[in-house]
$ cat model.tsv   # TSV, C-alpha atoms
chain	number	residue	atom	x	y	z
N	1	MET	CA	172.47	10.76	142.04
N	2	LYS	CA	172.13	13.44	139.35
N	3	ASN	CA	170.96	11.86	136.12
N	4	LEU	CA	170.82	13.55	132.72
N	5	THR	CA	169.16	11.91	129.71
N	6	VAL	CA	170.55	13.24	126.43
N	7	ALA	CA	169.36	12.77	122.85
N	8	ALA	CA	171.29	13.37	119.64
N	9	ILE	CA	169.19	13.84	116.50
N	10	GLN	CA	170.59	12.77	113.14
N	11	MET	CA	168.56	14.06	110.20
N	12	GLN	CA	168.57	14.97	106.53
N	13	CYS	CA	168.01	18.67	105.95
N	14	SER	CA	165.79	20.13	103.25
N	15	THR	CA	166.25	23.08	100.91
N	16	VAL	CA	162.88	24.25	102.27
N	17	VAL	CA	163.21	25.72	105.78
N	18	GLU	CA	159.65	24.86	106.77
N	19	GLU	CA	160.24	21.18	105.94
N	20	SER	CA	163.45	21.02	107.98
N	21	LEU	CA	161.81	22.70	110.96
N	22	LYS	CA	158.79	20.41	110.78
N	23	LYS	CA	161.03	17.34	110.76
N	24	ALA	CA	163.20	18.71	113.57
N	25	GLU	CA	160.13	19.40	115.71
N	26	LYS	CA	158.80	15.88	115.13
N	27	MET	CA	162.12	14.33	116.13
N	28	VAL	CA	162.49	16.58	119.17
N	29	ARG	CA	159.03	15.55	120.33
N	30	GLU	CA	159.91	11.89	119.83
N	31	ALA	CA	163.12	12.29	121.83
N	32	ALA	CA	161.30	14.08	124.64
N	33	ALA	CA	158.65	11.34	124.72
N	34	LYS	CA	161.47	8.83	125.25
N	35	GLY	CA	162.67	10.78	128.29
N	36	ALA	CA	165.31	13.10	126.85
N	37	GLN	CA	165.98	16.22	128.91
N	38	LEU	CA	168.72	17.67	126.68
N	39	ILE	CA	168.29	17.33	122.92
N	40	LEU	CA	170.98	18.14	120.35
N	41	LEU	CA	170.18	18.89	116.69
N	42	PRO	CA	172.80	19.12	113.90
N	43	GLU	CA	174.60	22.29	112.84
N	44	LEU	CA	172.57	24.73	110.70
N	45	PHE	CA	169.72	22.22	110.39
N	46	GLU	CA	167.22	24.76	109.00
N	47	ARG	CA	168.31	24.17	105.41
N	48	GLU	CA	170.91	22.60	103.15
N	49	TYR	CA	174.55	23.24	104.00
N	50	PHE	CA	174.72	26.46	102.00
N	51	CYS	CA	178.44	26.92	102.73
N	52	GLN	CA	179.23	24.40	99.99
N	53	GLN	CA	179.09	27.35	97.58
N	54	ARG	CA	179.64	31.11	97.66
N	55	ARG	CA	176.55	33.21	96.99
N	56	TYR	CA	176.05	36.76	98.16
N	57	ASP	CA	172.28	36.31	98.17
N	58	PHE	CA	172.64	33.68	100.92
N	59	TYR	CA	173.68	36.42	103.36
N	60	LYS	CA	169.98	37.13	103.75
N	61	TYR	CA	169.63	33.81	105.58
N	62	ALA	CA	171.27	35.45	108.62
N	63	LEU	CA	168.79	36.90	111.12
N	64	PRO	CA	168.94	38.41	114.61
N	65	THR	CA	168.57	35.74	117.29
N	66	GLU	CA	165.02	36.63	118.30
N	67	GLU	CA	163.84	36.65	114.65
N	68	ASN	CA	165.25	33.27	113.64
N	69	PRO	CA	162.52	30.62	113.04
N	70	ALA	CA	164.61	27.77	114.47
N	71	VAL	CA	165.28	29.71	117.67
N	72	GLN	CA	161.60	30.59	117.93
N	73	MET	CA	160.71	26.92	117.48
N	74	GLY	CA	163.28	25.94	120.11
N	75	MET	CA	161.90	28.36	122.68
N	76	ARG	CA	158.36	27.12	122.10
N	77	LEU	CA	159.26	23.43	122.29
N	78	ALA	CA	161.65	23.76	125.22
N	79	LYS	CA	158.95	25.40	127.32
N	80	GLU	CA	156.21	22.98	126.27
N	81	LEU	CA	158.29	19.81	126.68
N	82	SER	CA	160.51	21.00	129.56
N	83	VAL	CA	163.68	20.16	127.66
N	84	VAL	CA	166.96	21.98	127.01
N	85	LEU	CA	167.46	22.75	123.30
N	86	PRO	CA	170.70	24.20	121.92
N	87	ILE	CA	169.69	25.66	118.55
N	88	SER	CA	172.25	26.16	115.76
N	89	PHE	CA	171.49	29.11	113.48
N	90	TYR	CA	172.94	31.75	111.15
N	91	GLU	CA	173.04	34.92	113.24
N	92	ARG	CA	173.08	38.54	112.16
N	93	ASP	CA	174.27	41.11	114.69
N	94	GLY	CA	174.16	44.47	113.00
N	95	ASN	CA	176.48	44.20	110.01
N	96	VAL	CA	178.30	41.10	111.26
N	97	LEU	CA	177.27	37.49	110.58
N	98	TYR	CA	178.05	34.50	112.82
N	99	ASN	CA	177.57	30.74	113.03
N	100	SER	CA	175.88	30.57	116.41
N	101	ILE	CA	174.12	28.49	119.06
N	102	ALA	CA	171.27	29.77	121.21
N	103	CYS	CA	170.98	27.62	124.34
N	104	ILE	CA	167.30	27.40	125.27
N	105	ASP	CA	166.58	26.28	128.83
N	106	ALA	CA	163.71	24.00	129.85
N	107	ASP	CA	161.46	26.98	130.61
N	108	GLY	CA	161.85	28.42	127.12
N	109	ARG	CA	164.34	31.14	128.06
N	110	ASN	CA	167.34	31.80	125.87
N	111	LEU	CA	170.30	31.53	128.25
N	112	GLY	CA	172.61	33.16	125.75
N	113	VAL	CA	174.43	32.73	122.46
N	114	TYR	CA	177.75	31.07	121.66
N	115	ARG	CA	179.41	32.10	118.39
N	116	LYS	CA	181.60	29.56	116.61
N	117	THR	CA	185.25	30.25	117.41
N	118	HIS	CA	187.04	28.36	114.64
N	119	ILE	CA	185.83	29.00	111.08
N	120	PRO	CA	186.96	26.51	108.39
N	121	ASP	CA	187.75	27.28	104.78
N	122	ASP	CA	187.92	24.47	102.24
N	123	HIS	CA	186.77	23.97	98.66
N	124	PHE	CA	183.30	22.82	99.73
N	125	TYR	CA	183.22	23.98	103.37
N	126	GLN	CA	183.55	27.67	102.57
N	127	GLU	CA	182.49	29.10	105.90
N	128	LYS	CA	184.86	32.06	105.97
N	129	PHE	CA	182.75	33.55	103.16
N	130	TYR	CA	179.71	33.57	105.46
N	131	PHE	CA	180.88	33.77	109.08
N	132	THR	CA	183.03	36.06	111.18
N	133	PRO	CA	184.98	34.22	113.93
N	134	GLY	CA	183.00	34.34	117.16
N	135	ASN	CA	183.61	36.99	119.80
N	136	THR	CA	181.84	35.35	122.75
N	137	GLY	CA	184.69	33.14	123.90
N	138	PHE	CA	183.88	29.60	124.99
N	139	LYS	CA	180.70	29.38	127.05
N	140	VAL	CA	179.12	26.93	129.48
N	141	PHE	CA	175.38	27.24	130.08
N	142	ASN	CA	173.91	26.50	133.50
N	143	THR	CA	170.68	24.79	132.47
N	144	LYS	CA	167.92	23.20	134.54
N	145	TYR	CA	169.49	19.77	134.09
N	146	GLY	CA	173.21	20.47	134.16
N	147	ARG	CA	176.13	22.60	132.98
N	148	VAL	CA	176.36	22.29	129.22
N	149	GLY	CA	179.40	23.21	127.13
N	150	ILE	CA	178.94	23.63	123.38
N	151	GLY	CA	181.33	23.81	120.47
N	152	ILE	CA	180.22	23.99	116.83
N	153	CYS	CA	181.53	21.56	114.18
N	154	TRP	CA	185.10	22.75	113.30
N	155	ASP	CA	185.53	23.68	116.99
N	156	GLN	CA	185.48	19.95	117.70
N	157	TRP	CA	188.87	19.42	116.07
N	158	PHE	CA	190.65	21.70	118.57
N	159	PRO	CA	191.58	20.27	122.00
N	160	GLU	CA	191.60	23.82	123.34
N	161	THR	CA	187.83	24.00	122.87
N	162	ALA	CA	187.09	20.95	124.99
N	163	ARG	CA	189.66	21.81	127.66
N	164	SER	CA	188.33	25.37	127.94
N	165	LEU	CA	184.77	24.11	128.36
N	166	ALA	CA	185.88	21.59	130.99
N	167	VAL	CA	187.80	24.28	132.89
N	168	LEU	CA	184.69	26.45	132.78
N	169	GLY	CA	182.78	23.69	134.56
N	170	ALA	CA	180.94	21.83	131.80
N	171	GLU	CA	179.45	18.48	132.81
N	172	ILE	CA	178.91	17.43	129.20
N	173	ILE	CA	180.18	18.75	125.84
N	174	LEU	CA	177.97	18.97	122.76
N	175	TYR	CA	179.07	19.34	119.14
N	176	PRO	CA	176.36	20.07	116.55
N	177	THR	CA	177.95	19.16	113.24
N	178	ALA	CA	177.72	19.27	109.45
N	179	ILE	CA	180.46	17.07	108.00
N	180	GLY	CA	180.70	14.62	105.15
N	181	SER	CA	182.76	13.71	102.13
N	182	GLU	CA	186.11	15.31	101.33
N	183	PRO	CA	186.13	15.56	97.51
N	184	ILE	CA	189.55	17.21	97.31
N	185	LEU	CA	191.35	15.19	100.00
N	186	ASN	CA	189.71	12.01	98.68
N	187	CYS	CA	189.51	10.37	102.09
N	188	ASP	CA	186.93	9.09	104.55
N	189	SER	CA	187.36	11.46	107.47
N	190	MET	CA	184.69	9.86	109.65
N	191	PRO	CA	186.93	7.61	111.81
N	192	HIS	CA	189.40	10.47	112.32
N	193	TRP	CA	186.53	12.83	113.17
N	194	ARG	CA	185.25	10.47	115.83
N	195	ARG	CA	188.64	9.66	117.34
N	196	THR	CA	189.42	13.35	117.73
N	197	MET	CA	186.36	13.93	119.90
N	198	GLN	CA	186.83	10.66	121.75
N	199	GLY	CA	190.27	11.96	122.72
N	200	HIS	CA	188.79	15.20	124.02
N	201	SER	CA	186.34	13.19	126.10
N	202	ALA	CA	189.04	10.95	127.56
N	203	ALA	CA	191.51	13.78	128.24
N	204	ASN	CA	188.91	15.81	130.12
N	205	ILE	CA	186.97	12.94	131.75
N	206	ILE	CA	183.72	14.24	130.27
N	207	PRO	CA	181.01	12.82	128.00
N	208	VAL	CA	180.88	14.13	124.43
N	209	VAL	CA	177.84	14.11	122.13
N	210	ALA	CA	178.00	14.84	118.39
N	211	ALA	CA	174.94	15.22	116.13
N	212	ASN	CA	175.51	15.23	112.36
N	213	ARG	CA	173.29	15.46	109.28
N	214	ILE	CA	172.97	12.83	106.53
N	215	GLY	CA	172.31	12.77	102.81
N	216	LEU	CA	173.66	13.94	99.48
N	217	GLU	CA	173.49	17.70	98.93
N	218	THR	CA	174.14	18.90	95.39
N	219	VAL	CA	174.98	22.34	94.00
N	220	GLU	CA	173.94	23.03	90.42
N	221	ALA	CA	175.93	25.49	88.36
N	222	SER	CA	174.42	28.97	88.19
N	223	GLU	CA	175.46	32.55	87.50
N	224	GLU	CA	174.97	33.38	91.19
N	225	ASN	CA	177.55	30.83	92.34
N	226	GLY	CA	180.05	31.52	89.57
N	227	GLY	CA	179.23	28.35	87.64
N	228	GLN	CA	180.24	25.98	90.43
N	229	LYS	CA	178.81	22.46	90.45
N	230	SER	CA	179.58	20.13	93.34
N	231	SER	CA	178.14	17.76	95.92
N	232	LEU	CA	178.76	16.63	99.48
N	233	LEU	CA	177.63	13.36	101.03
N	234	PHE	CA	177.07	13.94	104.75
N	235	TYR	CA	177.99	10.78	106.63
N	236	GLY	CA	175.95	10.90	109.83
N	237	SER	CA	177.69	8.61	112.33
N	238	SER	CA	176.48	10.72	115.24
N	239	PHE	CA	177.62	9.32	118.59
N	240	MET	CA	177.70	9.66	122.36
N	241	THR	CA	180.67	8.78	124.59
N	242	ASP	CA	181.11	8.10	128.25
N	243	GLU	CA	183.66	10.13	130.23
N	244	THR	CA	186.52	7.89	129.11
N	245	GLY	CA	185.86	8.42	125.40
N	246	ASP	CA	184.25	5.04	124.84
N	247	ILE	CA	181.37	5.22	122.34
N	248	LEU	CA	178.11	4.28	124.05
N	249	GLU	CA	175.59	5.16	121.33
N	250	ASN	CA	176.34	5.03	117.64
N	251	ALA	CA	174.32	6.09	114.57
N	252	SER	CA	174.54	4.87	110.99
N	253	ARG	CA	175.98	6.81	108.06
N	254	ASP	CA	172.75	7.14	106.11
N	255	LYS	CA	169.63	6.91	108.29
N	256	GLU	CA	167.71	9.43	110.34
N	257	GLU	CA	168.03	8.38	113.96
N	258	ILE	CA	167.64	9.51	117.55
N	259	LEU	CA	170.37	8.42	119.95
N	260	LEU	CA	169.53	8.38	123.65
N	261	HIS	CA	171.62	7.86	126.76
N	262	SER	CA	171.32	8.62	130.48
N	263	TYR	CA	174.37	9.89	132.36
N	264	ASP	CA	175.02	9.86	136.09
N	265	LEU	CA	176.68	13.27	136.37
N	266	ASP	CA	177.64	12.84	140.05
N	267	THR	CA	179.60	9.65	139.35
N	268	ILE	CA	181.27	11.26	136.34
N	269	GLU	CA	182.31	14.23	138.49
N	270	GLU	CA	183.79	11.86	141.07
N	271	ASN	CA	185.79	10.13	138.35
N	272	ARG	CA	187.04	13.45	137.01
N	273	LEU	CA	188.25	14.52	140.44
N	274	SER	CA	189.77	11.12	141.21
N	275	TRP	CA	192.01	11.14	138.13
N	276	GLY	CA	193.61	14.41	139.25
N	277	LEU	CA	194.01	15.79	135.72
N	278	PHE	CA	192.73	19.21	136.65
N	279	ARG	CA	194.60	19.23	139.95
N	280	ASP	CA	197.87	18.65	138.11
N	281	ARG	CA	197.37	21.12	135.27
N	282	ARG	CA	200.19	23.66	134.75
N	283	PRO	CA	198.67	26.61	132.86
N	284	ASP	CA	201.85	28.62	133.38
N	285	CYS	CA	203.66	26.11	131.15
N	286	TYR	CA	201.15	26.25	128.32
N	287	LYS	CA	201.65	29.81	127.15
N	288	ILE	CA	203.42	28.60	124.01
N	289	ILE	CA	200.13	27.38	122.54
N	290	SER	CA	198.55	30.82	122.76
N	291	GLU	CA	201.48	32.84	121.44

$ encode --input "model.tsv" --output "structure tokens"
Amino acid sequence: MKNLTVAAIQMQCSTVVEESLKKAEKMVREAAAKGAQLILLPELFEREYFCQQRRYDFYKYALPTEENPAVQMGMRLAKELSVVLPISFYERDGNVLYNSIACIDADGRNLGVYRKTHIPDDHFYQEKFYFTPGNTGFKVFNTKYGRVGIGICWDQWFPETARSLAVLGAEIILYPTAIGSEPILNCDSMPHWRRTMQGHSAANIIPVVAANRIGLETVEASEENGGQKSSLLFYGSSFMTDETGDILENASRDKEEILLHSYDLDTIEENRLSWGLFRDRRPDCYKIISE
């Protein structure tokens, strides 16, 4: 029996990087002490969700992978605690900027970087201003404890992401996230957000884990942001499913929490094979969705 204990960290992020990193480290240590082997933090947890506004001076937040403080923290903690840590960060590669994940294995090695494929653009989720669409393709990382597939936030809305990761051999899919209120649409997207990922889990017979941030983040009007004033309320609700899409662990909308669950990966693999979904796939018939 191949067991994997996974933690999802739900936290409020600070405008001060050092404070966010200190909190993240504390929560990672707590999760590891509870037996977690794979620990997921939210998207871009180093600081506030800066994509709520457009500011050219925020480009300086992007750093090469090896220079990013969150990645450095992840490598140190992963090695010390013998845990796998996917770290979300703002990556600079030459003159190009990406929304990326560095997957740190339990010995502290960076197994590689995945760059977010789908980049959203909305009034207060203005990511196309900051990020170039990723050029890595979907990636599955062969870690000490299992094969981990990772999508980043907006990626989670696309069934092609989850199916690609499953076809590549993922045993679990992770989605670090930053999502909250929809001031323009004037709706509560949380139930829809969850159901979308639950569907990916069920359709691919694979567990899904989503880690979101919480808290109200406010933008004050300034010359640098063109006089914009706005706010987003991040709604937490991080969760973990089984391989049928059923929610096993469930976080609140407004509290910092650590979710924890142990998966029997061998049994899940048997279930995936038994359903025959991948046996009966017809890729030759699906070309319409990529044209």

$ closest_atom_pairs --input "model.tsv" --of "region 177-237 of chain N" --to "region 152-168 of chain N" --cutoff "8 Å" --atoms "all atoms listed in the file" --output "JSON lines"
{"residue": "N:Thr177", "atom": "CA", "partner": "N:Cys153", "partner_atom": "CA", "distance": 4.4}
{"residue": "N:Ala178", "atom": "CA", "partner": "N:Cys153", "partner_atom": "CA", "distance": 6.5}
{"residue": "N:Ile179", "atom": "CA", "partner": "N:Cys153", "partner_atom": "CA", "distance": 7.7}
{"residue": "N:Trp193", "atom": "CA", "partner": "N:Trp157", "partner_atom": "CA", "distance": 7.6}
{"residue": "N:Thr196", "atom": "CA", "partner": "N:Trp157", "partner_atom": "CA", "distance": 6.3}
{"residue": "N:Met197", "atom": "CA", "partner": "N:Gln156", "partner_atom": "CA", "distance": 6.5}
{"residue": "N:His200", "atom": "CA", "partner": "N:Ala162", "partner_atom": "CA", "distance": 6.1}
{"residue": "N:Ser201", "atom": "CA", "partner": "N:Ala162", "partner_atom": "CA", "distance": 7.9}
{"residue": "N:Asn204", "atom": "CA", "partner": "N:Arg163", "partner_atom": "CA", "distance": 6.5}
{"residue": "N:Ile206", "atom": "CA", "partner": "N:Ala166", "partner_atom": "CA", "distance": 7.7}

$ closest_residue --input "model.tsv" --among "N:Ser262, N:Ser274, N:Asn225, N:Thr65" --to "Ile172 (chain N)" --atoms "only C-alpha atoms"
N:Ser262

$ residues_around --input "model.tsv" --residues "Val71 (chain N)" --least-positions-apart "3" --cutoff "10 Å" --atoms "only C-alpha atoms" --output "ChimeraX atom specification"
/N:64-68,74-77,85-89,101-104,110

$ axis_aligned_box --input "model.tsv" --around "region 47-58 of chain N" --padding-each-side "8 Å" --output "AutoDock Vina command-line options"
--center_x 174.0 --center_y 29.7 --center_z 101.2 --size_x 27.3 --size_y 30.2 --size_z 24.4

$ residues_around --input "model.tsv" --residues "region 90-96 of chain N" --least-positions-apart "3" --cutoff "12 Å" --atoms "only C-alpha atoms" --output "JSON, numbers by chain"
{"N": [43, 44, 45, 46, 47, 49, 50, 51, 58, 59, 60, 61, 62, 63, 64, 65, 66, 67, 68, 69, 70, 71, 87, 99, 100, 101, 102, 113, 114, 115, 116, 127, 129, 130, 131, 132, 133, 134, 135]}

$ atom_distance --input "model.tsv" --atom1 "CA of Ile288 (chain N)" --atom2 "CA of Gly199 (chain N)"
21.2 Å

$ closest_residue --input "model.tsv" --among "N:His123, N:Arg272, N:Arg109, N:Lys255" --to "Ile9 (chain N)" --atoms "all atoms listed in the file"
N:Lys255

$ closest_residue --input "model.tsv" --among "N:Leu233, N:Ile150, N:Leu21, N:Leu248" --to "Leu260 (chain N)" --atoms "all atoms listed in the file"
N:Leu248

$ closest_residue --input "model.tsv" --among "N:Ser237, N:Asn3, N:Ser252, N:Gln53" --to "Ala221 (chain N)" --atoms "all atoms listed in the file"
N:Gln53

$ atom_distance --input "model.tsv" --atom1 "CA of Ala106 (chain N)" --atom2 "CA of Lys79 (chain N)"
5.6 Å

$ closest_residue --input "model.tsv" --among "N:Leu97, N:Ile184, N:Gly245, N:Glu256" --to "Leu41 (chain N)" --atoms "only C-alpha atoms"
N:Glu256

$ atom_distance --input "model.tsv" --atom1 "CA of Gly169 (chain N)" --atom2 "CA of Asp284 (chain N)"
19.7 Å

$ closest_residue --input "model.tsv" --among "N:Ile247, N:Phe124, N:Thr136, N:Pro207" --to "Gly180 (chain N)" --atoms "all atoms listed in the file"
N:Phe124

$ residues_around --input "model.tsv" --residues "Glu270 (chain N)" --least-positions-apart "4" --cutoff "12 Å" --atoms "all atoms listed in the file" --output "PDB file with C-alpha atoms, keeping the file's coordinate frame"
ATOM      1  CA  MET N   1     172.470  10.760 142.040  1.00  0.00           C
ATOM      2  CA  LYS N   2     172.130  13.440 139.350  1.00  0.00           C
ATOM      3  CA  GLU N 171     179.450  18.480 132.810  1.00  0.00           C
ATOM      4  CA  ILE N 205     186.970  12.940 131.750  1.00  0.00           C
ATOM      5  CA  ILE N 206     183.720  14.240 130.270  1.00  0.00           C
ATOM      6  CA  GLU N 243     183.660  10.130 130.230  1.00  0.00           C
ATOM      7  CA  ASP N 264     175.020   9.860 136.090  1.00  0.00           C
ATOM      8  CA  LEU N 265     176.680  13.270 136.370  1.00  0.00           C
ATOM      9  CA  ASP N 266     177.640  12.840 140.050  1.00  0.00           C
ATOM     10  CA  SER N 274     189.770  11.120 141.210  1.00  0.00           C
ATOM     11  CA  TRP N 275     192.010  11.140 138.130  1.00  0.00           C
ATOM     12  CA  GLY N 276     193.610  14.410 139.250  1.00  0.00           C
TER      13      GLY N 276
END

$ decode --input "model.tsv" --residues "region 71-81 of chain N" --atoms "all heavy atoms" --output "JSON list (two decimals), in the first residue's frame"
[["chain", "number", "residue", "atom", "x", "y", "z"],
["N", 71, "VAL", "N", 11.21, 30.43, -2.94],
["N", 71, "VAL", "CA", 11.84, 29.20, -3.44],
["N", 71, "VAL", "C", 13.00, 28.80, -2.53],
["N", 71, "VAL", "O", 13.17, 27.62, -2.19],
["N", 71, "VAL", "CB", 12.31, 29.38, -4.89],
["N", 71, "VAL", "CG1", 13.10, 28.16, -5.36],
["N", 71, "VAL", "CG2", 11.12, 29.63, -5.82],
["N", 72, "GLN", "N", 13.78, 29.77, -2.12],
["N", 72, "GLN", "CA", 14.89, 29.48, -1.21],
["N", 72, "GLN", "C", 14.38, 28.90, 0.10],
["N", 72, "GLN", "O", 14.95, 27.94, 0.63],
["N", 72, "GLN", "CB", 15.70, 30.75, -0.97],
["N", 72, "GLN", "CG", 16.45, 31.25, -2.19],
["N", 72, "GLN", "CD", 17.10, 32.61, -1.98],
["N", 72, "GLN", "OE1", 16.85, 33.30, -0.99],
["N", 72, "GLN", "NE2", 17.95, 33.02, -2.92],
["N", 73, "MET", "N", 13.30, 29.48, 0.63],
["N", 73, "MET", "CA", 12.69, 28.95, 1.84],
["N", 73, "MET", "C", 12.19, 27.53, 1.62],
["N", 73, "MET", "O", 12.40, 26.63, 2.45],
["N", 73, "MET", "CB", 11.51, 29.83, 2.27],
["N", 73, "MET", "CG", 10.78, 29.33, 3.50],
["N", 73, "MET", "SD", 9.14, 30.10, 3.74],
["N", 73, "MET", "CE", 8.19, 29.22, 2.48],
["N", 74, "GLY", "N", 11.55, 27.28, 0.47],
["N", 74, "GLY", "CA", 11.03, 25.96, 0.17],
["N", 74, "GLY", "C", 12.12, 24.91, 0.09],
["N", 74, "GLY", "O", 11.96, 23.80, 0.61],
["N", 75, "MET", "N", 13.24, 25.25, -0.52],
["N", 75, "MET", "CA", 14.35, 24.29, -0.62],
["N", 75, "MET", "C", 14.92, 23.97, 0.76],
["N", 75, "MET", "O", 15.22, 22.81, 1.06],
["N", 75, "MET", "CB", 15.42, 24.85, -1.55],
["N", 75, "MET", "CG", 14.95, 25.02, -2.99],
["N", 75, "MET", "SD", 16.17, 25.79, -4.08],
["N", 75, "MET", "CE", 17.31, 24.43, -4.30],
["N", 76, "ARG", "N", 15.03, 24.98, 1.59],
["N", 76, "ARG", "CA", 15.55, 24.77, 2.94],
["N", 76, "ARG", "C", 14.61, 23.90, 3.77],
["N", 76, "ARG", "O", 15.04, 22.93, 4.42],
["N", 76, "ARG", "CB", 15.78, 26.13, 3.61],
["N", 76, "ARG", "CG", 16.11, 26.05, 5.10],
["N", 76, "ARG", "CD", 16.46, 27.42, 5.65],
["N", 76, "ARG", "NE", 15.44, 28.41, 5.42],
["N", 76, "ARG", "CZ", 14.34, 28.57, 6.17],
["N", 76, "ARG", "NH1", 14.12, 27.75, 7.21],
["N", 76, "ARG", "NH2", 13.46, 29.53, 5.91],
["N", 77, "LEU", "N", 13.32, 24.23, 3.76],
["N", 77, "LEU", "CA", 12.37, 23.49, 4.56],
["N", 77, "LEU", "C", 12.14, 22.07, 4.05],
["N", 77, "LEU", "O", 12.01, 21.13, 4.83],
["N", 77, "LEU", "CB", 11.03, 24.24, 4.59],
["N", 77, "LEU", "CG", 10.98, 25.51, 5.42],
["N", 77, "LEU", "CD1", 9.61, 26.17, 5.29],
["N", 77, "LEU", "CD2", 11.30, 25.24, 6.88],
["N", 78, "ALA", "N", 12.07, 21.92, 2.73],
["N", 78, "ALA", "CA", 11.86, 20.59, 2.16],
["N", 78, "ALA", "C", 12.96, 19.63, 2.59],
["N", 78, "ALA", "O", 12.68, 18.48, 2.98],
["N", 78, "ALA", "CB", 11.79, 20.68, 0.64],
["N", 79, "LYS", "N", 14.19, 20.09, 2.53],
["N", 79, "LYS", "CA", 15.32, 19.25, 2.93],
["N", 79, "LYS", "C", 15.29, 18.94, 4.42],
["N", 79, "LYS", "O", 15.48, 17.80, 4.84],
["N", 79, "LYS", "CB", 16.63, 19.92, 2.55],
["N", 79, "LYS", "CG", 17.87, 19.07, 2.85],
["N", 79, "LYS", "CD", 19.13, 19.76, 2.34],
["N", 79, "LYS", "CE", 20.35, 18.88, 2.59],
["N", 79, "LYS", "NZ", 21.59, 19.53, 2.09],
["N", 80, "GLU", "N", 15.05, 19.97, 5.22],
["N", 80, "GLU", "CA", 15.04, 19.78, 6.68],
["N", 80, "GLU", "C", 13.92, 18.87, 7.14],
["N", 80, "GLU", "O", 14.12, 17.99, 8.00],
["N", 80, "GLU", "CB", 14.91, 21.14, 7.37],
["N", 80, "GLU", "CG", 14.81, 21.04, 8.88],
["N", 80, "GLU", "CD", 14.46, 22.36, 9.55],
["N", 80, "GLU", "OE1", 14.60, 23.42, 8.90],
["N", 80, "GLU", "OE2", 14.03, 22.34, 10.72],
["N", 81, "LEU", "N", 12.72, 19.05, 6.58],
["N", 81, "LEU", "CA", 11.53, 18.34, 7.04],
["N", 81, "LEU", "C", 11.22, 17.09, 6.23],
["N", 81, "LEU", "O", 10.30, 16.35, 6.56],
["N", 81, "LEU", "CB", 10.33, 19.27, 7.00],
["N", 81, "LEU", "CG", 10.46, 20.58, 7.81],
["N", 81, "LEU", "CD1", 9.28, 21.49, 7.53],
["N", 81, "LEU", "CD2", 10.59, 20.27, 9.30]]
